[in-house]
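*Asks:* Got a structure for you, written out below as structure tokens; questions coming shortly.
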2 protein chains.
Amino acid sequence: MTEDLRRSAPTLEDVARVAGVSRATVSRVVNGKRKVAPAVQETVLAAVAETGYVPNRAARSLVTRRTGMAAVVVSGSAAAPGEEAEPSRLLSDPFFGRVVGGFVRSLRRHDVHPVLLFADTPEAADQAVTYLRLGNVDGTLLVSTHGDDPLPGRLAEAGRPVVMFSRPARPVPVSFVDLANADGARLAAEHLLGRGRTAPGMITGPLDVPAARDRAEGFRDLAARRGHAYVPSAAADFTFAGGESATAELLDRSPGVDAVFAGNDLMAQGALHVLRTLGRRVPEDVAVVGFDDSPVATQTRPHLTTIRQPAEDMAETMVGLLVDRIEHPAGPPRSVIVEPTLVIRDST
Amino acid sequence: MTEDLRRSAPTLEDVARVAGVSRATVSRVVNGKRKVAPAVQETVLAAVAETGYVPNRAARSLVTRRTGMAAVVVSGSAAAPGEEAEPSRLLSDPFFGRVVGGFVRSLRRHDVHPVLLFADTPEAADQAVTYLRLGNVDGTLLVSTHGDDPLPGRLAEAGRPVVMFSRPARPVPVSFVDLANADGARLAAEHLLGRGRTAPGMITGPLDVPAARDRAEGFRDLAARRGHAYVPSAAADFTFAGGESATAELLDRSPGVDAVFAGNDLMAQGALHVLRTLGRRVPEDVAVVGFDDSPVATQTRPHLTTIRQPAEDMAETMVGLLVDRIEHPAGPPRSVIVEPTLVIRDST
DNA sequence: TGAAACTGGGAGAGCGCTCTTACCGAGGCC
DNA sequence: GGCCTCGGTAAGAGCGCTCTCCCAGTTTCA
């Protein structure tokens with residue numbers, strides 16, 4: 001019973017025979033292109049249902065040069081000795097799960113399947129570029145974690161549809177969707193200072209990453225407007241452990257800090273741990289604000305006040321831009337900037 | 001310059017012309033099938049290099065019925081009202097990142113690309129089954145989170161290569177790689193009792209999930225051998241929040257508990273939070289052991305003693321089984337059981 | 001030495017689909 | 001009434017690749 005089904009799926013030819021029309025007509029009905037007489041259309045549809053016909057993707061892509069697939073490329077440096085490779089770092093950040101989930105669900109609505117690619121070594125990056133350039137996928141959703149990542153440039157050069165999460169570190173003609181990171185940081189600063197904190201400090205991400213820099217600058221900007229000329233800070237790598245050591249360093253240098261703004265939730269979580277170890281109460285002695293509104297924000301005690309990135313919406317917007325670009329390849333790259341919101345919980 | 005490259009990639013025909021041989025010969029050299037005279041081979045290889053030829057996947061799959069792709073299917077129930085959908089739950093569990101990372105890297109070695117599929121609604125599951133059955137991918141790596149998930153059965157029935165992470169809840173003819181969950185739980189019990197704990201309790205996962213049940217039973221088994229006839233327990237859903245409420249419930253019912261074994265690290269993290277809130281010191285008053293050795297295990301204070309799943313190895317083994325099955329479709333489903341190890345940190 | 005076996009290479013038939021081209025009948029126009 | 005247009009369909013040429021023949025040249029063995 002499954003035998004015949006599996007051995008040879010019904011083809012256009014089969015449907016055409018059943019419906020008593022030509023292959024071309026069936027193709028037209030299936031793809032909804034050009035007008036087909038309603039009566040014929042019905043006959044064909046019935047034949048399709050009867051045979052259980054589903055188009056063969058390989059055959060279709062061979063002629064259309066479309067694959068119905070999009071690459072999700074996670075780019076980053078390879079693991080330096082003793083470090084975690086970037087894609088792994090990202091994979092263990094629950095916030096990233098929100099983004100990927102958004103990709104998968106949005107792509108599905110367009111009937112596009114995501115192919116997961118890691119560009120974690122130079123060879124892997126080369127392979128990825130080749131794969132994309134050859135048209136094995138219709139377009140690329142790129143998440144780059146590295147400041148001096150050459151991949152955005154190479155992909156843009158390849159002339160195939162690409163949309164980045166977050167803007168590229170250097171100016172490169174590529175579409176992207178980004179958060180108004182500086183605005184988010186201002187939200188955090190305003191909130192903290194509005195609650196009467198007088199000695200804010202920062203745990204920043206790697207400053208060669210635009211998002212990290214924008215957040216730091218946004219925070220400093222609003223602090224300056226409120227009369228705080230200098231905000232002590234320490235940089236880390238967006239990881240929990242990095243957040244811990246940077247916090248320790250910050251508190252060591254500036255013991256009077258009564259508010260900490262962290263570049264993401266993972267580092268904020270690290271800050272929370274260090275603060276507790278040092279016997280500082282949160283939020284009584286030190287208030288903490290994170291960034292992302294990652295699932296970890298409610299897995300801390302106290303729950304983390306944070307700046308929410310609408311990750312799923314951003315993912316959907318990226319997919320929209322990509323699909324649009326796939327259908328209309330011409331035109332300049334486009335960008336969408338999304339506004340973050342403040343989510344107040346118990347750490348402030 | 002890129003114009004000609006992009007507009008039409010070199011084909012076999014082009015290479016053949018440059019090398020002065022037939023298409024078939026180039027194909028033979030490229031695919032390494034049948035013997036080709038060394039001299040000819042060299043000429044062809046040079047022509048390939050000169051033209052920058054890379055085979056067109058669509059054309060190749062059309063005739064070989066191979067796609068060079070494998071699906072990574074994350075299956076689970078849709079979100080009940082107020083609940084998180086299973087794939088999202090999994091996506092925010094850093095342990096899952098280790099598994100997916102393992103898939104991607106292992107598949108890459110076999111030159112296979114992963115396509116990410118969520119089966120989070122009945123419609124999505126249907127789509128996924130159709131997609132797989134039609135041969136849009138060569139095989140499937142299935143991660144199912146749900147006890148009564150029909151997907152393993154449906155996939156097995158489809159007669160296409162499938163390998164599961166963890167054994168299916170009901171007996172179904174499908175290959176899988178699983179952890180010796182009961183052994184892991186025994187390791188935990190032995191460790192806890194060996195350190196003189198006398199009143200162990202458990203936070204289990206959903207008991208319709210084999211892994212959760214095996215862990216619970218393994219723990220009870222060793223406890224019984226050490227004279228502990230009854231181990232109080234509370235069930236949760238493998239999430240942080242679930243771990244919290246289950247721990248609260250457990251301690252409410254059995255306040256004398258001096259050791260807690262949690263079904264995974266996320267729930268152990270929840271337990272840690274609740275214990276601190278209740279003023280119990282860890283490990284002095286209550287020792288805690290988790291399961292998975294997820295990245296969160298070192299993001300808790302104290303660091304979590306846990307049972308390590310060699311996720312990357314398991315992923316690699318799954319890929320190995322899958323590739324083998326793709327190449328040799330006949331034969332009964334195969335299984336591999338992997339042994340866990342105890343990782344002692346500060347929570348015990 | 002002749003036939004059989006083997007070896008390496010070419011020709012060509014598709015794989016299942018889309019899309020251009022050609023065709024055909026019906027209706028509108030002068 | 002003849003011509004043209006136009007909607008609707010069929011025919012057929014590929015897309016780029018693999019793979020099965022088939023053939024020519026060489027080796028092997030009786």
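Following the order of the structure tokens, chains are lettered A, B, ..., residues in each are numbered from 1, and ligands are numbered from 1.
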Give as number ranges by chain every residue of chain B that touches chain C within 10 Å, counting only C-alpha atoms (C1' of nucleotides).

*Replies:* B: 21-25, 34-37, 59-65

*Asks:* Mind the document's chain letters and residue numbers, and return as an mmCIF file with C-alpha atoms, in the first residue's frame the residues of range 191-333 of chain A that DSSP labels strand (DSSP E or B).

*Replies:*
data_model
loop_
_atom_site.group_PDB
_atom_site.id
_atom_site.type_symbol
_atom_site.label_atom_id
_atom_site.label_comp_id
_atom_site.auth_asym_id
_atom_site.auth_seq_id
_atom_site.Cartn_x
_atom_site.Cartn_y
_atom_site.Cartn_z
ATOM 1 C CA PRO A 200 24.936 54.685 37.710
ATOM 2 C CA GLY A 201 27.423 52.255 36.202
ATOM 3 C CA MET A 202 27.450 50.097 33.112
ATOM 4 C CA ILE A 203 28.359 46.616 31.984
ATOM 5 C CA THR A 204 28.697 46.900 28.242
ATOM 6 C CA SER A 233 31.750 51.051 32.908
ATOM 7 C CA ALA A 234 33.343 47.703 32.237
ATOM 8 C CA ALA A 235 33.101 45.756 29.012
ATOM 9 C CA ALA A 259 22.592 51.357 39.676
ATOM 10 C CA VAL A 260 23.886 48.999 36.997
ATOM 11 C CA PHE A 261 22.792 48.925 33.393
ATOM 12 C CA ALA A 262 23.873 45.744 31.640
ATOM 13 C CA ALA A 287 19.270 48.649 41.023
ATOM 14 C CA VAL A 288 19.884 46.528 37.917
ATOM 15 C CA VAL A 289 18.493 46.865 34.409
ATOM 16 C CA GLY A 290 19.137 44.339 31.673
ATOM 17 C CA PHE A 291 18.519 44.345 27.939
ATOM 18 C CA ASP A 292 16.655 41.980 25.562
ATOM 19 C CA THR A 305 13.801 44.989 34.885
ATOM 20 C CA THR A 306 14.874 45.082 31.278
ATOM 21 C CA ILE A 307 14.583 46.677 27.857
ATOM 22 C CA ARG A 308 12.433 44.539 25.659
#

*Asks:* Using only C-alpha atoms (C1' of nucleotides), which residue out of B:Ala58, B:Leu222, B:Val30, B:Ala188 lies closest to chain D?

*Replies:*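 The closest residue to chain D is B:Ala58.
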
*Asks:* Excluding Glu284 in chain B and residues on its chain fewer than 5 positions from it, collect all residues at most 10 Å away from it, counting only C-alpha atoms (C1' of nucleotides), and give them as a list in words.

*Replies:*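 Listing them by chain and then by number gives Asp258, Ala259, Ser347 and Thr348 of chain B.
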
*Asks:* Once you have the residues from the selection above, write them out as a PDB file, in the first residue's frame, restricted to N, CA and C atoms.

*Replies:*
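Heads up, here's the output in out-v7.pdb:
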ATOM      1  N   ASP B 258      16.388  16.929  52.731  1.00  0.00           N
ATOM      2  CA  ASP B 258      17.729  17.527  52.797  1.00  0.00           C
ATOM      3  C   ASP B 258      18.518  17.302  51.507  1.00  0.00           C
ATOM      4  N   ALA B 259      17.824  16.811  50.481  1.00  0.00           N
ATOM      5  CA  ALA B 259      18.464  16.624  49.174  1.00  0.00           C
ATOM      6  C   ALA B 259      17.383  16.635  48.113  1.00  0.00           C
ATOM      7  N   SER B 347      26.736  22.525  44.577  1.00  0.00           N
ATOM      8  CA  SER B 347      25.407  22.457  45.177  1.00  0.00           C
ATOM      9  C   SER B 347      25.180  21.184  45.994  1.00  0.00           C
ATOM     10  N   THR B 348      26.232  20.366  46.131  1.00  0.00           N
ATOM     11  CA  THR B 348      26.097  19.147  46.940  1.00  0.00           C
ATOM     12  C   THR B 348      27.290  19.008  47.868  1.00  0.00           C
TER      13      THR B 348
END

*Asks:* Considering only C-alpha atoms (C1' of nucleotides), return as a list in words whatever protein or nucleic-acid residues lie within 6 Å of range 336-338 of chain B, sequence-local ones (same chain, fewer than 6 positions apart) excluded.

*Replies:*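 Near neighbours after the sequence-gap exclusion: Val177, Asp178, Leu179 and Ala180 of chain B.
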
*Asks:* Would you tabulate, counting only C-alpha atoms (C1' of nucleotides), all residues of chain D that have an atom at most 7 Å from an atom of chain A, showing the closest pair of atoms and their distance in Å to one decimal, sorted by chain then ascending number, as a tab-separated table?

*Replies:*
residue	atom	partner	partner_atom	distance
D:DG8	C1'	A:Val36	CA	6.5
D:DA10	C1'	A:Ser22	CA	6.4
D:DC15	C1'	A:Val63	CA	4.7

*Asks:* Kindly determine which residues of chain A lie within 7 Å of chain B, considering only C-alpha atoms, and give the answer as an NGL selection string.

*Replies:* :A and (58-59 or 61-62 or 88 or 91-94 or 97 or 101 or 113-116 or 240 or 295 or 299)

*Asks:* Near Ala330 in chain A, counting only C-alpha atoms (C1' of nucleotides), which residues have an atom at most 12 Å away, once you skip same-chain residues fewer than 3 positions from it, shown as a ChimeraX atom specification?

*Replies:* /A:159-161,324-327,333-334

*Asks:* For CA of Leu193 in chain A and CA of Ser254 in chain A, quote the distance in Å rounded to one decimal.

*Replies:* 17.4 Å
